[in-house]
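Pasting data28.pdb here (PDB, C-alpha atoms, pLDDT in the B column):
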ATOM      1  CA  LEU A   1     -42.264  37.204  10.930  1.00 59.00           C
ATOM      2  CA  LYS A   2     -45.356  38.756  12.451  1.00 66.00           C
ATOM      3  CA  GLU A   3     -46.930  39.328   9.044  1.00 67.00           C
ATOM      4  CA  ASN A   4     -46.723  35.610   8.284  1.00 63.00           C
ATOM      5  CA  SER A   5     -47.382  34.252  11.778  1.00 68.00           C
ATOM      6  CA  HIS A   6     -50.483  32.424  10.543  1.00 69.00           C
ATOM      7  CA  SER A   7     -48.544  30.612   7.777  1.00 66.00           C
ATOM      8  CA  ASP A   8     -47.603  26.956   8.121  1.00 65.00           C
ATOM      9  CA  GLY A   9     -44.161  25.649   7.194  1.00 61.00           C
ATOM     10  CA  ARG A  10     -42.126  28.715   8.111  1.00 59.00           C
ATOM     11  CA  ILE A  11     -38.442  27.986   8.623  1.00 59.00           C
ATOM     12  CA  ILE A  12     -35.805  29.987  10.472  1.00 59.00           C
ATOM     13  CA  ARG A  13     -32.187  29.121   9.809  1.00 57.00           C
ATOM     14  CA  PHE A  14     -29.530  29.906  12.398  1.00 60.00           C
ATOM     15  CA  ILE A  15     -25.952  30.015  11.156  1.00 58.00           C
ATOM     16  CA  ASN A  16     -22.705  29.554  13.053  1.00 61.00           C
ATOM     17  CA  HIS A  17     -20.510  32.335  11.591  1.00 56.00           C
ATOM     18  CA  ASP A  18     -17.396  30.363  12.491  1.00 58.00           C
ATOM     19  CA  VAL A  19     -18.412  27.686   9.990  1.00 53.00           C
ATOM     20  CA  MET A  20     -20.599  29.334   7.358  1.00 52.00           C
ATOM     21  CA  PRO A  21     -21.165  32.917   6.208  1.00 53.00           C
ATOM     22  CA  LEU A  22     -24.553  34.544   5.844  1.00 53.00           C
ATOM     23  CA  THR A  23     -26.204  34.132   2.470  1.00 50.00           C
ATOM     24  CA  SER A  24     -24.728  36.551  -0.060  1.00 47.00           C
ATOM     25  CA  GLU A  25     -26.741  39.367  -1.571  1.00 45.00           C
ATOM     26  CA  PRO A  26     -28.383  38.517  -4.909  1.00 41.00           C
ATOM     27  CA  GLY A  27     -25.986  39.247  -7.734  1.00 39.00           C
ATOM     28  CA  ASP A  28     -22.867  38.429  -5.727  1.00 42.00           C
ATOM     29  CA  GLU A  29     -20.625  36.393  -7.998  1.00 41.00           C
ATOM     30  CA  ASP A  30     -19.350  34.070  -5.330  1.00 44.00           C
ATOM     31  CA  GLU A  31     -22.070  32.658  -3.117  1.00 42.00           C
ATOM     32  CA  LYS A  32     -20.397  29.350  -2.281  1.00 47.00           C
ATOM     33  CA  GLN A  33     -17.204  30.253  -0.475  1.00 63.00           C
ATOM     34  CA  TYR A  34     -15.234  32.794   1.454  1.00 59.00           C
ATOM     35  CA  GLU A  35     -11.709  33.068   2.706  1.00 61.00           C
ATOM     36  CA  GLU A  36     -10.297  34.537   5.879  1.00 66.00           C
ATOM     37  CA  GLY A  37      -6.728  33.975   7.008  1.00 77.00           C
ATOM     38  CA  GLY A  38      -6.293  31.135   4.541  1.00 85.00           C
ATOM     39  CA  VAL A  39      -9.482  29.409   5.705  1.00 91.00           C
ATOM     40  CA  LEU A  40     -11.904  28.391   2.975  1.00 92.00           C
ATOM     41  CA  VAL A  41     -15.534  27.383   3.517  1.00 92.00           C
ATOM     42  CA  VAL A  42     -17.086  25.664   0.515  1.00 92.00           C
ATOM     43  CA  SER A  43     -20.642  24.584  -0.144  1.00 90.00           C
ATOM     44  CA  LEU A  44     -20.033  21.467  -2.211  1.00 91.00           C
ATOM     45  CA  PRO A  45     -21.994  20.736  -5.381  1.00 90.00           C
ATOM     46  CA  ALA A  46     -24.002  17.513  -5.631  1.00 89.00           C
ATOM     47  CA  GLY A  47     -22.168  14.456  -6.923  1.00 90.00           C
ATOM     48  CA  SER A  48     -18.477  13.712  -7.015  1.00 92.00           C
ATOM     49  CA  ILE A  49     -16.194  16.519  -5.868  1.00 95.00           C
ATOM     50  CA  GLY A  50     -13.014  15.233  -7.525  1.00 96.00           C
ATOM     51  CA  LEU A  51     -10.777  15.536  -4.467  1.00 97.00           C
ATOM     52  CA  VAL A  52      -8.416  12.815  -3.242  1.00 97.00           C
ATOM     53  CA  PHE A  53      -7.594  12.816   0.469  1.00 97.00           C
ATOM     54  CA  ASN A  54      -4.713  11.171   2.284  1.00 96.00           C
ATOM     55  CA  LYS A  55      -5.362   8.923   5.256  1.00 92.00           C
ATOM     56  CA  ALA A  56      -4.274  11.502   7.842  1.00 86.00           C
ATOM     57  CA  THR A  57      -6.440  12.980  10.560  1.00 91.00           C
ATOM     58  CA  PRO A  58      -7.642  15.535   9.726  1.00 95.00           C
ATOM     59  CA  PRO A  59      -8.105  14.508   6.078  1.00 97.00           C
ATOM     60  CA  THR A  60      -5.723  16.425   3.829  1.00 97.00           C
ATOM     61  CA  VAL A  61      -6.238  17.156   0.137  1.00 97.00           C
ATOM     62  CA  LYS A  62      -3.712  14.997  -1.677  1.00 97.00           C
ATOM     63  CA  LYS A  63      -4.872  15.670  -5.243  1.00 97.00           C
ATOM     64  CA  ILE A  64      -7.450  17.715  -7.133  1.00 96.00           C
ATOM     65  CA  LYS A  65      -8.626  15.859 -10.228  1.00 96.00           C
ATOM     66  CA  GLU A  66      -8.749  17.752 -13.534  1.00 95.00           C
ATOM     67  CA  THR A  67     -12.472  16.959 -13.717  1.00 94.00           C
ATOM     68  CA  SER A  68     -13.220  18.362 -10.245  1.00 94.00           C
ATOM     69  CA  PRO A  69     -16.034  20.931 -10.096  1.00 93.00           C
ATOM     70  CA  LEU A  70     -13.930  22.588  -7.367  1.00 93.00           C
ATOM     71  CA  LEU A  71     -10.930  23.479  -9.573  1.00 92.00           C
ATOM     72  CA  ASP A  72     -11.588  27.213  -9.230  1.00 89.00           C
ATOM     73  CA  SER A  73     -12.823  27.091  -5.630  1.00 90.00           C
ATOM     74  CA  GLY A  74      -9.540  28.079  -4.013  1.00 90.00           C
ATOM     75  CA  ILE A  75      -8.955  24.649  -2.487  1.00 93.00           C
ATOM     76  CA  LYS A  76      -5.282  23.713  -2.692  1.00 94.00           C
ATOM     77  CA  VAL A  77      -3.359  20.477  -2.256  1.00 96.00           C
ATOM     78  CA  GLY A  78      -2.274  20.289   1.383  1.00 96.00           C
ATOM     79  CA  MET A  79      -5.389  21.945   2.813  1.00 95.00           C
ATOM     80  CA  ARG A  80      -7.002  20.022   5.658  1.00 96.00           C
ATOM     81  CA  VAL A  81     -10.675  19.365   6.321  1.00 97.00           C
ATOM     82  CA  ASP A  82     -11.521  21.098   9.570  1.00 96.00           C
ATOM     83  CA  THR A  83     -15.287  20.613   9.770  1.00 95.00           C
ATOM     84  CA  PHE A  84     -18.040  19.034   7.714  1.00 95.00           C
ATOM     85  CA  MET A  85     -21.579  20.347   8.083  1.00 93.00           C
ATOM     86  CA  ILE A  86     -24.796  18.853   6.784  1.00 90.00           C
ATOM     87  CA  ALA A  87     -26.870  21.926   5.958  1.00 86.00           C
ATOM     88  CA  ASP A  88     -30.241  20.147   6.202  1.00 84.00           C
ATOM     89  CA  THR A  89     -29.677  19.251   9.841  1.00 85.00           C
ATOM     90  CA  GLY A  90     -27.048  21.818  10.841  1.00 87.00           C
ATOM     91  CA  LYS A  91     -24.958  18.999  12.321  1.00 90.00           C
ATOM     92  CA  ILE A  92     -21.250  19.800  12.316  1.00 93.00           C
ATOM     93  CA  HIS A  93     -18.700  17.002  12.353  1.00 95.00           C
ATOM     94  CA  TYR A  94     -15.305  17.674  13.961  1.00 95.00           C
ATOM     95  CA  HIS A  95     -12.049  15.678  14.046  1.00 94.00           C
ATOM     96  CA  LEU A  96     -13.005  13.418  11.146  1.00 96.00           C
ATOM     97  CA  GLU A  97     -10.865  10.581   9.922  1.00 96.00           C
ATOM     98  CA  THR A  98     -10.645  10.263   6.127  1.00 96.00           C
ATOM     99  CA  LYS A  99     -12.857   7.177   6.106  1.00 96.00           C
ATOM    100  CA  GLU A 100     -15.584   9.037   8.025  1.00 96.00           C
ATOM    101  CA  LEU A 101     -15.370  12.066   5.724  1.00 96.00           C
ATOM    102  CA  VAL A 102     -15.654   9.962   2.567  1.00 95.00           C
ATOM    103  CA  SER A 103     -18.617   8.110   4.067  1.00 95.00           C
ATOM    104  CA  LEU A 104     -20.406  11.392   4.868  1.00 95.00           C
ATOM    105  CA  LEU A 105     -19.640  12.809   1.422  1.00 94.00           C
ATOM    106  CA  ASN A 106     -21.139   9.707  -0.179  1.00 93.00           C
ATOM    107  CA  GLN A 107     -24.193   9.585   2.102  1.00 92.00           C
ATOM    108  CA  HIS A 108     -25.069  13.171   1.154  1.00 90.00           C
ATOM    109  CA  ARG A 109     -23.770  13.168  -2.443  1.00 87.00           C
ATOM    110  CA  ASP A 110     -27.132  14.222  -3.946  1.00 86.00           C
ATOM    111  CA  SER A 111     -27.412  17.265  -1.725  1.00 77.00           C
ATOM    112  CA  GLU A 112     -26.797  20.438  -3.757  1.00 67.00           C
ATOM    113  CA  GLY A 113     -25.169  22.896  -1.355  1.00 67.00           C
ATOM    114  CA  GLY A 114     -26.048  20.683   1.574  1.00 84.00           C
ATOM    115  CA  ARG A 115     -22.455  19.635   2.318  1.00 91.00           C
ATOM    116  CA  ILE A 116     -20.383  22.459   3.717  1.00 93.00           C
ATOM    117  CA  VAL A 117     -16.699  21.893   4.340  1.00 94.00           C
ATOM    118  CA  ARG A 118     -14.270  24.177   6.136  1.00 94.00           C
ATOM    119  CA  PHE A 119     -10.758  23.753   4.724  1.00 95.00           C
ATOM    120  CA  ILE A 120      -7.777  25.070   6.661  1.00 94.00           C
ATOM    121  CA  PRO A 121      -4.151  25.461   5.612  1.00 93.00           C
ATOM    122  CA  GLU A 122      -1.243  23.917   7.484  1.00 89.00           C
ATOM    123  CA  GLY A 123      -0.476  25.873  10.649  1.00 88.00           C
ATOM    124  CA  ILE A 124      -4.054  26.731  11.573  1.00 90.00           C
ATOM    125  CA  PRO A 125      -5.356  24.596  14.435  1.00 90.00           C
ATOM    126  CA  VAL A 126      -8.457  22.466  13.920  1.00 92.00           C
ATOM    127  CA  SER A 127     -11.716  23.678  15.415  1.00 90.00           C
ATOM    128  CA  GLU A 128     -13.032  22.263  18.636  1.00 90.00           C
ATOM    129  CA  PRO A 129     -16.742  21.558  19.110  1.00 88.00           C
ATOM    130  CA  SER A 130     -18.520  24.418  20.823  1.00 78.00           C
ATOM    131  CA  GLU A 131     -20.030  23.592  24.193  1.00 67.00           C
ATOM    132  CA  GLU A 132     -23.784  24.057  24.146  1.00 56.00           C
TER     133      GLU A 132
END

Any chance you could put this one into structure tokens?
Amino acid sequence: LKENSHSDGRIIRFINHDVMPLTSEPGDEDEKQYEEGGVLVVSLPAGSIGLVFNKATPPTVKKIKETSPLLDSGIKVGMRVDTFMIADTGKIHYHLETKELVSLLNQHRDSEGGRIVRFIPEGIPVSEPSEE
């Protein structure tokens, strides 16, 4: 940082490890997701994700379309959306209703890797917002 202290436009990104892992080393095959205890964090591709959610809170994956770019992501029917993060702003959304989730997905549909979703299996409690 010191070497570039005179440069304009420097950006520092702080990451909440509970929601998103550090960037993988170059050459790592899987830079978009990780699993721990059945939890799956996925950086969604731009466009349609090909997932159908039920109307429950939290939203639960009801179906994965055959055309979904997430077929090999590890997401399974029955997994619940725990958090939704907009990478550009770092804002994390908790306790979403399906309607809210779909609205956020659509608002940020052109964001490649900018929509990060934490999926949890049945039996794992949903995350609570951290107090800051």

Across A:Thr67, A:Thr60, A:Ser130, A:Ser111, the smallest distance to A:Ile92, with all atoms listed in the file counted, is shown by A:Ser130

### Output check: residues returned by the PyMOL selection byres ((chain A and resi 98) around 6), as a count of residues only
6

Original post:
What residues have an atom no more than 9 Å from (-16.8, 19.0, 12.2) in the file's own frame, counting all atoms listed in the file, and can you write them as a count of residues only?
Top reply: 16

List the spatial neighbours of A:Ile120 as a JSON list (two decimals) with C-alpha atoms, in the coordinates of the input - criterion: any atom at most 12 Å away, all atoms listed in the file, same-chain residues fewer than 3 positions off excluded.
[["chain", "number", "residue", "atom", "x", "y", "z"],
["A", 19, "VAL", "CA", -18.41, 27.69, 9.99],
["A", 34, "TYR", "CA", -15.23, 32.79, 1.45],
["A", 35, "GLU", "CA", -11.71, 33.07, 2.71],
["A", 36, "GLU", "CA", -10.30, 34.54, 5.88],
["A", 37, "GLY", "CA", -6.73, 33.98, 7.01],
["A", 38, "GLY", "CA", -6.29, 31.14, 4.54],
["A", 39, "VAL", "CA", -9.48, 29.41, 5.70],
["A", 40, "LEU", "CA", -11.90, 28.39, 2.98],
["A", 41, "VAL", "CA", -15.53, 27.38, 3.52],
["A", 42, "VAL", "CA", -17.09, 25.66, 0.52],
["A", 58, "PRO", "CA", -7.64, 15.54, 9.73],
["A", 59, "PRO", "CA", -8.10, 14.51, 6.08],
["A", 60, "THR", "CA", -5.72, 16.42, 3.83],
["A", 61, "VAL", "CA", -6.24, 17.16, 0.14],
["A", 74, "GLY", "CA", -9.54, 28.08, -4.01],
["A", 75, "ILE", "CA", -8.96, 24.65, -2.49],
["A", 76, "LYS", "CA", -5.28, 23.71, -2.69],
["A", 77, "VAL", "CA", -3.36, 20.48, -2.26],
["A", 78, "GLY", "CA", -2.27, 20.29, 1.38],
["A", 79, "MET", "CA", -5.39, 21.94, 2.81],
["A", 80, "ARG", "CA", -7.00, 20.02, 5.66],
["A", 81, "VAL", "CA", -10.68, 19.36, 6.32],
["A", 82, "ASP", "CA", -11.52, 21.10, 9.57],
["A", 83, "THR", "CA", -15.29, 20.61, 9.77],
["A", 84, "PHE", "CA", -18.04, 19.03, 7.71],
["A", 117, "VAL", "CA", -16.70, 21.89, 4.34],
["A", 123, "GLY", "CA", -0.48, 25.87, 10.65],
["A", 124, "ILE", "CA", -4.05, 26.73, 11.57],
["A", 125, "PRO", "CA", -5.36, 24.60, 14.44],
["A", 126, "VAL", "CA", -8.46, 22.47, 13.92],
["A", 127, "SER", "CA", -11.72, 23.68, 15.42]]

| query | Distance atom CA of A:Arg109-atom CA of A:Leu71, one decimal place? | reply |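 Here the two named atoms are 17.9 Å from each other.
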
Would you list the contacts of A:Arg115 as a ChimeraX atom specification, taking every protein, DNA or RNA residue within 6 Å and counting only C-alpha atoms, but skipping same-chain residues closer than 5 positions in sequence? /A:43-44,85-86

**Asked** Quick one: which residues end up in the PyMOL selection byres ((chain A and resi 110) around 12) for this structure, as a ChimeraX atom specification?
**Response** /A:44-49,86,104-109,111-115

Distance atom CA of A:Ser103-atom CA of A:Pro121, one decimal place?
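Distance reported for this atom pair: 22.6 Å.
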
Atom CA of A:Ile116 sits from atom CA of A:Leu51 at a separation of 14.4 Å
